[in-house]
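Trainee: Compact mmCIF, C-alpha atoms, file final-v9.txt:
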# COMPACT_ATOMS: atom_id res chain seq x y z
CA MET A 3 116.83 90.22 109.23
CA THR A 4 120.11 91.32 110.70
CA SER A 5 123.01 89.82 112.48
CA GLU A 6 124.70 91.18 115.56
CA HIS A 7 127.53 92.48 113.41
CA THR A 8 125.46 94.83 111.31
CA THR A 9 123.68 96.11 114.37
CA ASP A 10 126.96 96.95 116.08
CA PHE A 11 128.08 98.64 112.89
CA ALA A 12 125.52 101.34 113.50
CA ILE A 13 127.46 102.69 116.44
CA GLU A 14 129.81 104.36 114.01
CA GLY A 15 126.97 106.16 112.26
CA HIS A 16 126.70 106.87 108.55
CA GLY A 17 129.95 108.59 107.73
CA ASP A 18 132.32 105.69 107.94
CA ILE A 19 130.47 103.52 105.44
CA SER A 20 130.42 106.06 102.68
CA VAL A 21 134.16 106.68 102.84
CA GLY A 22 134.90 103.06 102.09
CA VAL A 23 132.54 102.54 99.22
CA SER A 24 132.62 105.78 97.32
CA GLY A 25 136.37 105.66 96.77
CA ALA A 26 136.21 103.28 93.81
CA GLY A 27 134.20 105.47 91.52
CA ALA A 28 135.69 108.77 92.55
CA SER A 29 139.30 107.74 92.09
CA GLY A 30 139.25 108.24 88.33
CA ASP A 31 140.53 104.71 87.85
CA GLY A 32 139.76 103.61 84.32
CA SER A 33 138.66 100.17 85.44
CA ALA A 34 136.28 101.56 88.06
CA SER A 35 132.53 101.37 87.62
CA ALA A 36 131.09 103.88 85.17
CA THR A 37 128.78 105.01 87.89
CA ARG A 38 129.68 105.98 91.40
CA ILE A 39 128.06 104.11 94.23
CA THR A 40 127.41 105.37 97.72
CA PRO A 41 125.31 103.99 100.56
CA GLY A 42 123.62 107.35 100.86
CA ASN A 43 122.42 108.97 104.00
CA ALA A 44 119.03 108.02 105.36
CA LEU A 45 117.35 106.70 108.45
CA ARG A 46 118.20 103.01 108.85
CA PRO A 47 116.79 100.40 111.23
CA GLU A 48 120.23 100.26 112.82
CA ASP A 49 119.96 103.93 113.73
CA ILE A 50 116.69 103.27 115.50
CA ALA A 51 118.21 100.26 117.28
CA LEU A 52 121.01 102.54 118.43
CA GLU A 53 118.58 105.11 119.78
CA VAL A 54 116.68 102.35 121.53
CA ARG A 55 119.86 101.04 123.17
CA ARG A 56 120.80 104.53 124.27
CA GLY A 57 117.33 104.98 125.66
CA THR A 58 116.60 108.05 123.53
CA ALA A 59 113.72 106.35 121.71
CA LYS A 60 111.11 104.48 123.70
CA PRO A 61 107.56 104.04 122.46
CA SER A 62 104.53 104.12 124.68
CA GLY A 63 102.45 100.96 124.83
CA ASP A 64 99.94 102.30 122.33
CA VAL A 65 102.61 103.50 119.92
CA ALA A 66 104.38 100.14 120.16
CA GLU A 67 101.16 98.30 119.28
CA TYR A 68 100.63 100.71 116.39
CA ALA A 69 104.21 100.28 115.10
CA LEU A 70 103.67 96.53 115.32
CA ARG A 71 100.70 96.81 112.95
CA LEU A 72 102.58 98.95 110.45
CA GLY A 73 105.67 96.76 110.70
CA ASP A 74 103.71 93.53 110.29
CA ASP A 75 101.92 94.85 107.19
CA ALA A 76 105.26 95.67 105.60
CA LEU A 77 106.98 92.46 106.76
CA ILE A 78 104.31 90.13 105.43
CA LEU A 79 104.17 91.98 102.12
CA ALA A 80 107.96 91.87 101.82
CA GLN A 81 107.90 88.11 102.34
CA ARG A 82 105.18 87.71 99.71
CA LEU A 83 106.98 89.92 97.17
CA GLY A 84 110.31 88.21 97.80
CA HIS A 85 108.77 85.04 96.40
CA TRP A 86 108.78 86.70 92.95
CA ILE A 87 112.57 86.79 92.85
CA SER A 88 113.67 84.57 89.97
CA ARG A 89 110.01 84.02 89.07
CA ALA A 90 108.87 87.34 87.56
CA PRO A 91 107.86 87.48 83.88
CA GLU A 92 111.00 89.45 82.96
CA LEU A 93 114.39 89.90 84.60
CA GLU A 94 113.80 93.66 84.88
CA GLU A 95 110.47 93.15 86.64
CA ASP A 96 112.08 90.56 88.87
CA ILE A 97 114.43 93.22 90.18
CA ALA A 98 111.68 95.84 90.39
CA LEU A 99 109.58 93.60 92.63
CA GLY A 100 112.68 92.63 94.61
CA ASN A 101 113.45 96.32 95.18
CA ILE A 102 109.93 96.95 96.40
CA ALA A 103 110.17 93.93 98.69
CA LEU A 104 113.40 95.31 100.15
CA ASP A 105 111.82 98.73 100.65
CA GLN A 106 109.00 97.11 102.57
CA LEU A 107 111.43 94.99 104.56
CA GLY A 108 113.27 98.16 105.51
CA HIS A 109 110.06 99.77 106.77
CA ALA A 110 109.23 96.58 108.66
CA ARG A 111 112.63 96.47 110.31
CA SER A 112 112.35 100.10 111.41
CA PHE A 113 108.83 99.76 112.79
CA LEU A 114 109.53 96.42 114.51
CA THR A 115 112.79 97.63 116.00
CA TYR A 116 110.95 100.59 117.46
CA ALA A 117 107.96 98.55 118.63
CA GLY A 118 110.25 95.98 120.22
CA ALA A 119 111.82 98.63 122.41
CA HIS A 120 108.66 98.64 124.51
CA TRP A 121 108.94 94.93 125.34
CA ASP A 122 112.74 94.66 125.27
CA LYS A 123 112.56 92.59 122.11
CA SER A 124 114.63 92.86 118.95
CA GLU A 125 113.25 93.03 115.42
CA ASP A 126 114.29 89.40 114.99
CA ASP A 127 112.44 88.35 118.17
CA LEU A 128 109.29 89.93 116.78
CA ALA A 129 109.67 88.67 113.21
CA TYR A 130 110.79 85.12 113.88
CA PHE A 131 109.50 84.14 117.30
CA ARG A 132 105.90 85.30 117.37
CA ARG A 133 103.07 82.92 116.60
CA GLU A 134 100.37 83.57 114.03
CA PRO A 135 97.79 85.07 116.45
CA GLU A 136 100.43 87.55 117.61
CA PHE A 137 100.79 89.12 114.16
CA ARG A 138 98.83 92.32 113.58
CA SER A 139 98.91 92.60 109.78
CA ALA A 140 95.74 93.11 107.77
CA HIS A 141 94.53 90.26 105.58
CA LEU A 142 95.35 91.95 102.27
CA PHE A 143 99.08 91.65 102.87
CA GLU A 144 99.06 87.89 103.39
CA GLN A 145 96.96 87.13 100.30
CA PRO A 146 98.79 84.81 97.88
CA ASN A 147 100.71 86.35 94.99
CA GLY A 148 98.54 84.69 92.35
CA ASP A 149 99.65 85.59 88.85
CA PHE A 150 101.48 88.80 88.02
CA ALA A 151 98.19 90.71 87.65
CA VAL A 152 97.02 89.68 91.13
CA THR A 153 100.31 90.86 92.60
CA ILE A 154 100.00 94.16 90.74
CA ALA A 155 96.42 94.61 91.97
CA ARG A 156 97.60 94.00 95.55
CA GLN A 157 100.51 96.41 95.08
CA PHE A 158 98.15 99.03 93.68
CA ILE A 159 95.83 98.87 96.69
CA VAL A 160 98.66 98.64 99.23
CA SER A 161 100.81 101.43 97.85
CA TYR A 162 97.96 103.94 97.58
CA TYR A 163 96.88 103.07 101.13
CA GLN A 164 100.39 103.26 102.56
CA PHE A 165 101.11 106.54 100.80
CA GLU A 166 98.12 108.26 102.38
CA LEU A 167 98.99 106.74 105.76
CA TYR A 168 102.66 107.73 105.81
CA LYS A 169 101.85 111.18 104.44
CA ARG A 170 99.72 111.87 107.51
CA LEU A 171 102.17 110.23 109.89
CA LEU A 172 104.77 112.85 108.93
CA ASP A 173 102.93 114.98 111.47
CA SER A 174 102.92 112.31 114.17
CA THR A 175 103.75 113.61 117.62
CA ASP A 176 105.97 110.54 117.97
CA ALA A 177 109.25 111.61 116.39
CA THR A 178 110.38 108.10 115.48
CA ILE A 179 107.09 107.21 113.77
CA ALA A 180 107.31 110.48 111.84
CA ALA A 181 110.92 109.80 110.82
CA ILE A 182 110.24 106.25 109.62
CA SER A 183 107.22 107.51 107.70
CA ALA A 184 109.26 110.23 106.01
CA LYS A 185 111.74 107.67 104.73
CA ALA A 186 108.99 105.26 103.69
CA LEU A 187 106.85 107.88 101.97
CA LYS A 188 109.27 108.48 99.09
CA GLU A 189 109.68 104.77 98.50
CA VAL A 190 105.96 104.07 98.61
CA ASP A 191 105.45 106.92 96.15
CA TYR A 192 107.50 104.91 93.66
CA HIS A 193 105.51 101.77 94.48
CA ARG A 194 102.37 103.70 93.55
CA ASP A 195 103.89 104.67 90.23
CA HIS A 196 105.10 101.14 89.53
CA SER A 197 101.73 99.55 90.17
CA ALA A 198 99.78 102.28 88.37
CA GLN A 199 101.96 101.89 85.26
CA TRP A 200 101.22 98.17 85.26
CA VAL A 201 97.51 98.59 85.90
CA LEU A 202 97.39 100.86 82.83
CA ARG A 203 99.31 98.38 80.70
CA LEU A 204 97.53 95.25 81.80
CA ALA A 205 94.12 96.90 81.42
CA GLY A 206 95.02 98.40 78.06
CA GLY A 207 97.09 95.52 76.76
CA THR A 208 95.58 92.35 75.39
CA GLU A 209 92.21 90.83 76.09
CA GLU A 210 93.96 88.27 78.28
CA SER A 211 95.92 90.82 80.32
CA ARG A 212 92.78 92.88 80.83
CA ARG A 213 90.84 89.81 81.98
CA ARG A 214 93.59 89.00 84.47
CA ILE A 215 93.87 92.44 86.05
CA ILE A 216 90.08 92.58 86.43
CA ARG A 217 90.22 89.16 88.08
CA GLY A 218 93.02 90.42 90.35
CA PHE A 219 90.98 93.37 91.59
CA LYS A 220 87.91 91.19 92.15
CA LEU A 221 89.98 88.69 94.16
CA LEU A 222 91.53 91.30 96.43
CA TRP A 223 88.80 93.89 96.86
CA PRO A 224 87.18 92.03 99.80
CA TYR A 225 90.27 92.91 101.84
CA VAL A 226 90.18 96.67 101.21
CA GLU A 227 87.67 97.62 103.89
CA GLU A 228 89.81 96.21 106.70
CA LEU A 229 92.60 98.68 105.90
CA PHE A 230 90.33 101.59 106.74
CA GLU A 231 88.74 100.26 109.93
CA ASP A 232 89.12 102.35 113.07
CA ASP A 233 89.34 100.79 116.51
CA GLU A 234 90.05 101.85 120.07
CA LEU A 235 93.80 101.91 119.59
CA THR A 236 93.71 104.13 116.51
CA ALA A 237 91.14 106.38 118.20
CA ARG A 238 93.44 106.89 121.20
CA LEU A 239 96.47 107.48 118.97
CA ALA A 240 94.62 109.92 116.74
CA GLU A 241 93.46 111.76 119.84
CA ALA A 242 97.06 111.94 121.06
CA GLY A 243 98.31 112.99 117.61
CA ALA A 244 100.66 110.04 117.29
CA GLY A 245 98.58 108.09 114.77
CA VAL A 246 95.68 108.51 112.38
CA GLN A 247 92.22 107.02 112.14
CA PRO A 248 92.40 104.73 109.10
CA SER A 249 88.92 105.78 107.99
CA THR A 250 90.21 109.29 107.32
CA LEU A 251 92.44 107.94 104.53
CA ARG A 252 89.58 106.43 102.56
CA GLU A 253 88.42 109.50 100.66
CA ASP A 254 91.84 110.27 99.18
CA PHE A 255 92.46 106.58 98.52
CA ASP A 256 89.19 106.27 96.59
CA ARG A 257 89.81 109.44 94.62
CA LEU A 258 93.40 108.68 93.59
CA THR A 259 92.89 104.99 92.78
CA GLY A 260 89.72 105.99 90.94
CA GLU A 261 91.69 108.34 88.71
CA VAL A 262 94.09 105.58 87.66
CA LEU A 263 91.31 103.04 87.15
CA ALA A 264 89.43 105.57 85.00
CA GLU A 265 92.54 106.19 82.91
CA ALA A 266 92.92 102.43 82.54
CA GLY A 267 89.35 102.21 81.29
CA LEU A 268 88.33 100.13 84.28
CA ASP A 269 84.98 101.23 85.61
CA ALA A 270 84.68 100.39 89.29
CA VAL A 271 81.04 99.42 88.92
CA ASN A 272 80.56 98.15 85.36
CA ASP A 273 83.93 96.47 84.76
CA LEU A 274 85.05 95.54 88.24
CA GLY A 275 81.73 95.36 90.07
CA LEU A 276 83.50 96.56 93.19
CA ASP A 277 80.31 97.85 94.75
CA ARG A 278 78.85 94.34 94.80
CA ILE A 279 81.88 92.57 96.26
CA PRO A 280 81.24 91.56 99.88
CA GLN A 281 83.94 92.52 102.35
CA SER A 282 85.81 89.94 104.41
CA LEU A 283 85.41 89.92 108.16
CA GLY A 284 88.98 91.03 108.68
CA GLY A 285 90.37 90.72 112.16
CA GLY A 286 94.07 90.85 111.29
CA ARG A 287 94.62 93.70 113.74
CA ARG A 288 93.32 91.40 116.49
CA GLY A 289 95.44 88.46 115.38
CA LYS A 290 92.70 86.64 113.49
CA HIS A 291 94.18 85.70 110.13
CA SER A 292 93.27 83.86 106.95
CA GLU A 293 94.58 80.36 106.34
CA HIS A 294 97.43 81.78 104.25
CA LEU A 295 99.46 83.43 106.99
CA GLY A 296 100.45 80.23 108.78
CA TYR A 297 102.18 78.81 105.71
CA LEU A 298 103.89 82.11 105.04
CA LEU A 299 105.19 82.30 108.61
CA ALA A 300 106.35 78.69 108.54
CA GLU A 301 108.56 79.44 105.56
CA MET A 302 109.75 82.78 106.91
CA GLN A 303 110.53 81.55 110.42
CA VAL A 304 111.79 78.02 109.95
CA LEU A 305 115.48 78.84 109.66
CA ALA A 306 115.58 81.13 112.67
CA ARG A 307 113.65 78.61 114.76
CA GLU A 308 115.69 75.60 113.66
CA HIS A 309 118.96 77.40 114.35
CA PRO A 310 118.32 80.01 117.05
CA GLY A 311 120.99 82.67 117.11
CA ALA A 312 122.48 81.63 113.78
CA SER A 313 124.21 84.34 111.79
CA TRP A 314 125.44 84.35 108.21
CA MET B 5 121.44 91.72 79.91
CA SER B 6 122.43 92.69 76.44
CA ASN B 7 122.55 89.80 74.07
CA GLU B 8 121.06 91.70 71.18
CA THR B 9 123.65 94.40 70.69
CA PRO B 10 123.51 95.37 67.04
CA THR B 11 126.16 93.47 65.14
CA SER B 12 125.66 95.51 62.04
CA PRO B 13 128.21 98.32 62.10
CA VAL B 14 125.87 100.96 60.81
CA VAL B 15 122.30 100.77 61.90
CA GLU B 16 119.80 102.90 60.08
CA PRO B 17 119.00 105.67 62.51
CA VAL B 18 115.45 105.30 63.65
CA SER B 19 113.82 108.34 65.13
CA PRO B 20 115.97 109.31 68.13
CA VAL B 21 112.98 110.92 69.74
CA VAL B 22 111.66 108.62 72.39
CA GLU B 23 107.91 108.68 72.39
CA PRO B 24 106.41 107.43 75.63
CA VAL B 25 103.73 104.91 74.88
CA GLU B 26 101.21 105.02 77.66
CA THR B 27 99.05 102.03 76.91
CA GLY B 28 98.27 99.55 74.22
CA VAL B 29 101.57 97.72 74.30
CA SER B 30 101.51 94.00 74.11
CA THR B 31 101.69 92.52 77.54
CA SER B 32 100.63 89.07 76.52
CA SER B 33 104.10 87.81 77.22
CA THR B 34 103.89 89.13 80.74
CA THR B 35 100.71 87.44 81.70
CA ASP B 36 101.49 84.23 79.90
CA SER B 37 104.91 83.73 81.35
CA SER B 38 103.76 84.69 84.83
CA THR B 39 101.97 81.42 85.14
CA THR B 40 103.68 79.11 82.71
CA GLY B 41 107.25 80.28 83.08
CA THR B 42 107.77 80.06 79.33
CA PRO B 43 109.85 82.69 77.59
CA ALA B 44 108.07 85.70 76.20
CA GLU B 45 106.75 85.26 72.68
CA THR B 46 107.44 88.86 71.73
CA PRO B 47 110.53 89.94 73.61
CA TRP B 48 110.67 93.46 74.93
CA SER B 49 112.89 95.77 72.92
CA LEU B 50 116.41 96.65 74.00
CA TRP B 51 117.27 100.03 75.53
CA GLU B 52 120.62 101.58 76.35
CA VAL B 53 120.85 103.32 79.72
CA PHE B 54 122.85 106.45 80.51
CA VAL B 55 123.21 107.63 84.09
CA ARG B 56 124.43 110.97 85.38
CA SER B 57 126.02 110.46 88.76
CA SER B 58 125.81 114.05 89.94
CA ARG B 59 125.05 117.54 88.86
CA GLY B 60 127.59 118.94 86.44
CA LEU B 61 128.80 115.60 85.15
CA SER B 62 127.69 114.07 81.86
CA HIS B 63 125.53 111.02 81.42
CA VAL B 64 127.62 107.86 81.18
CA HIS B 65 126.60 104.62 79.52
CA ALA B 66 125.76 102.21 82.32
CA GLY B 67 124.33 99.22 80.46
CA SER B 68 121.22 98.03 78.73
CA LEU B 69 117.87 96.51 79.57
CA HIS B 70 114.62 95.29 78.09
CA ALA B 71 111.37 97.20 78.36
CA PRO B 72 108.06 97.40 76.48
CA ASP B 73 108.19 101.18 76.09
CA ALA B 74 110.12 104.29 77.08
CA THR B 75 108.12 104.93 80.25
CA MET B 76 108.84 101.46 81.57
CA ALA B 77 112.43 101.57 80.32
CA LEU B 78 113.06 104.60 82.55
CA ARG B 79 111.59 102.80 85.52
CA ASN B 80 113.50 99.61 84.84
CA ALA B 81 116.66 101.68 84.51
CA ARG B 82 115.96 103.24 87.88
CA ASP B 83 115.46 99.79 89.38
CA LEU B 84 118.49 98.18 87.73
CA TYR B 85 121.12 100.89 87.59
CA THR B 86 120.50 103.28 90.49
CA ARG B 87 120.07 100.83 93.38
CA ARG B 88 123.21 102.13 95.09
CA ASN B 89 122.74 105.88 94.69
CA GLU B 90 124.50 105.92 91.33
CA GLY B 91 122.46 108.62 89.74
CA VAL B 92 120.52 111.82 89.74
CA SER B 93 119.34 111.58 86.13
CA ILE B 94 118.73 108.80 83.63
CA TRP B 95 118.45 108.69 79.85
CA VAL B 96 117.13 105.66 77.99
CA VAL B 97 117.64 105.31 74.26
CA PRO B 98 116.30 102.59 71.96
CA ALA B 99 119.31 100.43 71.14
CA GLU B 100 118.41 100.45 67.46
CA ALA B 101 118.59 104.26 67.44
CA ILE B 102 122.32 104.11 68.11
CA SER B 103 124.64 104.04 65.11
CA SER B 104 128.04 102.68 65.96
CA SER B 105 131.38 102.64 64.19
CA ASP B 106 132.48 99.44 62.47
CA PRO B 107 134.88 97.44 64.64
CA ASP B 108 136.52 96.16 61.43
CA SER B 109 137.25 99.70 60.30
CA LYS B 110 139.39 100.60 63.30
CA GLY B 111 142.34 101.25 61.04
CA SER B 112 140.75 103.75 58.72
CA PHE B 113 138.67 105.28 61.47
CA PHE B 114 141.04 105.68 64.36
CA GLU B 115 144.64 105.28 63.26
CA SER B 116 144.92 108.49 61.27
CA PRO B 117 145.54 110.73 64.31
CA GLN B 118 148.42 108.54 65.46
CA GLY B 119 151.78 110.15 64.83
CA LYS B 120 150.28 113.58 64.33
CA ASP B 121 151.86 114.93 67.46
CA TYR B 122 151.58 118.49 66.13
CA ARG B 123 147.93 118.27 67.15
CA HIS B 124 149.01 118.27 70.79
CA ALA B 125 150.07 121.42 72.60
CA THR B 126 153.13 119.63 73.97
CA TYR B 127 154.56 119.48 70.43
CA TYR B 128 155.31 123.18 70.48
CA THR B 129 158.07 124.89 72.41
CA LYS B 130 156.98 127.67 74.62
CA SER B 131 157.93 131.09 73.31
CA GLU B 132 160.11 133.08 75.62
CA GLY B 133 158.44 135.75 77.63
CA VAL B 134 154.91 134.38 77.26
CA LYS B 135 153.36 134.20 80.63
CA HIS B 136 150.62 132.00 82.02
CA LEU B 137 151.18 129.06 79.66
Starting from the file, give its structure as structure tokens.

Mentor:
Amino acid sequence: MTSEHTTDFAIEGHGDISVGVSGAGASGDGSASATRITPGNALRPEDIALEVRRGTAKPSGDVAEYALRLGDDALILAQRLGHWISRAPELEEDIALGNIALDQLGHARSFLTYAGAHWDKSEDDLAYFRREPEFRSAHLFEQPNGDFAVTIARQFIVSYYQFELYKRLLDSTDATIAAISAKALKEVDYHRDHSAQWVLRLAGGTEESRRRIIRGFKLLWPYVEELFEDDELTARLAEAGAGVQPSTLREDFDRLTGEVLAEAGLDAVNDLGLDRIPQSLGGGRRGKHSEHLGYLLAEMQVLAREHPGASW
Amino acid sequence: MSNETPTSPVVEPVSPVVEPVETGVSTSSTTDSSTTGTPAETPWSLWEVFVRSSRGLSHVHAGSLHAPDATMALRNARDLYTRRNEGVSIWVVPAEAISSSDPDSKGSFFESPQGKDYRHATYYTKSEGVKHL
């Protein structure tokens, strides 16, 4: 996820990076890029790592467990989406999915960096050196990509869930959770738009594309309920104001996804039969995962485990 | 990304108005190629992308891309051409809506102004006593 070099880089803060990069476009040089590039100014995982090292950001045990859940959701999804790179139906979509994967990876790095502060572990320790039962992601995120329609169906569910979650976490009493959520919210908003556009097109496209998106929703709907399950940890965090009870997101999730599905001409009951789809047992938050996660982790972790401490 | 740039010097102007098509576009290529990896049967049309880097500047041609309709072209443009904070505004234009000058007519088109230095202010000597020139 990051090498020591990039982490140290953060000590200098944002300003120094932008000076170096923005010069090319702004110089008026005829051979310069037509568009000006800058790294921008936003909360980065490195900034959180810096605060952690300085001791200005330290999560409580509950908040660390919570950040681990959010970070694992994003990390596993990023790994899944990254598999589309060079494999998407069109070059443009390839990059779109890659961008979304990188957004999710960014959220994962921030959440895991923060969570790790509680146990004196780095984001890399948490990502590469935990075993399957130690991951706290929900089952939906580890589900295989399937065809493009399955991936879009997963994106649709995930992005509408994450948007409602991060929107509420803006008010978290934990300043770091609130800050990460603020950065993630805008990105997830675009993920909602991206998946909704594709749901509309696949549902309203050809007979084949419609069949596939319906199949995608039917395959993934069993994993929706788990996203909205409360437990003791979320109850304590909601009480403290640092987190939210997942069940409180359900109403808005149902309403907003329902609007898009209606526009796509997909009736939840008649076309998708969502009311008759049994829900999986879940258990991801307790480290009980489907058979898919082990293979995913093996691929994600093999390099770091084969060559501990390697940098590139 | 552009391998279909119009070779014809003058392309009949199609409607420059970009109508967003919400649904009903053919996505068969998408679903087919997602599993088989074969090239799309009906390739997406080509769009030219213009990006404005900041308020007050004009939109500058950044490149081209393929998309099934204007709505998706805008999103693809966002994903392809503004990944490094390049823009605050994007235009997408169907490539076939752009009429371009004939590269073979450079002489008749662009050489006429050469040598006409009286069209430049520097050709004229400043009159005495005129201030602020």

Trainee: Restricting the calculation to only C-alpha atoms, which member of A:Ala180, A:Leu83, A:Ala264, A:Leu204 is positioned closest to chain B?

Mentor: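 Smallest distance to chain B is found for A:Leu204.
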
Trainee: Let me have the centre and edge lengths of the axis-aligned box enclosing all listed atoms of segment 192-201 of chain A with 3 Å padding on every side, in Å to one decimal, as JSON.

Mentor:
{"center_x": 102.5, "center_y": 101.5, "center_z": 89.9, "size_x": 16.0, "size_y": 12.7, "size_z": 15.2}

Trainee: Using only C-alpha atoms, can you tell me which of B:Leu78, B:Val64, B:Val92, B:Val134 comes closest to chain A?

Mentor: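 Checking each candidate against chain A, we get B:Val64 as the closest.
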
Trainee: Which of these residues is nearest to chain B, using all atoms listed in the file: A:Gly57, A:Pro280, A:Gly100, A:Pro224?

Mentor: A:Gly100

Trainee: Give me, as number ranges by chain, the residues of chain A touching chain B, with the criterion being at most 6 Å (counting all atoms listed in the file).

Mentor: A: 37-40, 91, 94, 98, 149-150, 203, 206-207

Trainee: Selection from above, C-alpha atoms, as a PDB file, in the coordinates of the input, can you write it?

Mentor:
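Final file, result_27.pdb:
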ATOM      1  CA  THR A  37     128.780 105.010  87.890  1.00  0.00           C
ATOM      2  CA  ARG A  38     129.680 105.980  91.400  1.00  0.00           C
ATOM      3  CA  ILE A  39     128.060 104.110  94.230  1.00  0.00           C
ATOM      4  CA  THR A  40     127.410 105.370  97.720  1.00  0.00           C
ATOM      5  CA  PRO A  91     107.860  87.480  83.880  1.00  0.00           C
ATOM      6  CA  GLU A  94     113.800  93.660  84.880  1.00  0.00           C
ATOM      7  CA  ALA A  98     111.680  95.840  90.390  1.00  0.00           C
ATOM      8  CA  ASP A 149      99.650  85.590  88.850  1.00  0.00           C
ATOM      9  CA  PHE A 150     101.480  88.800  88.020  1.00  0.00           C
ATOM     10  CA  ARG A 203      99.310  98.380  80.700  1.00  0.00           C
ATOM     11  CA  GLY A 206      95.020  98.400  78.060  1.00  0.00           C
ATOM     12  CA  GLY A 207      97.090  95.520  76.760  1.00  0.00           C
TER      13      GLY A 207
END

Trainee: Ranking A:Gln145, A:Thr58, A:Gln81, A:Thr250 by minimum distance to His294 of chain A and counting only C-alpha atoms, which one comes first?

Mentor: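 With only C-alpha atoms as the atom set, the closest residue is A:Gln145.
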
Trainee: Record the distance separating atom CA of Ala110 of chain A and atom CA of Ile159 of chain A, expressed in Å with one decimal.

Mentor: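 Rounded to one decimal, the two atoms are 18.1 Å apart.
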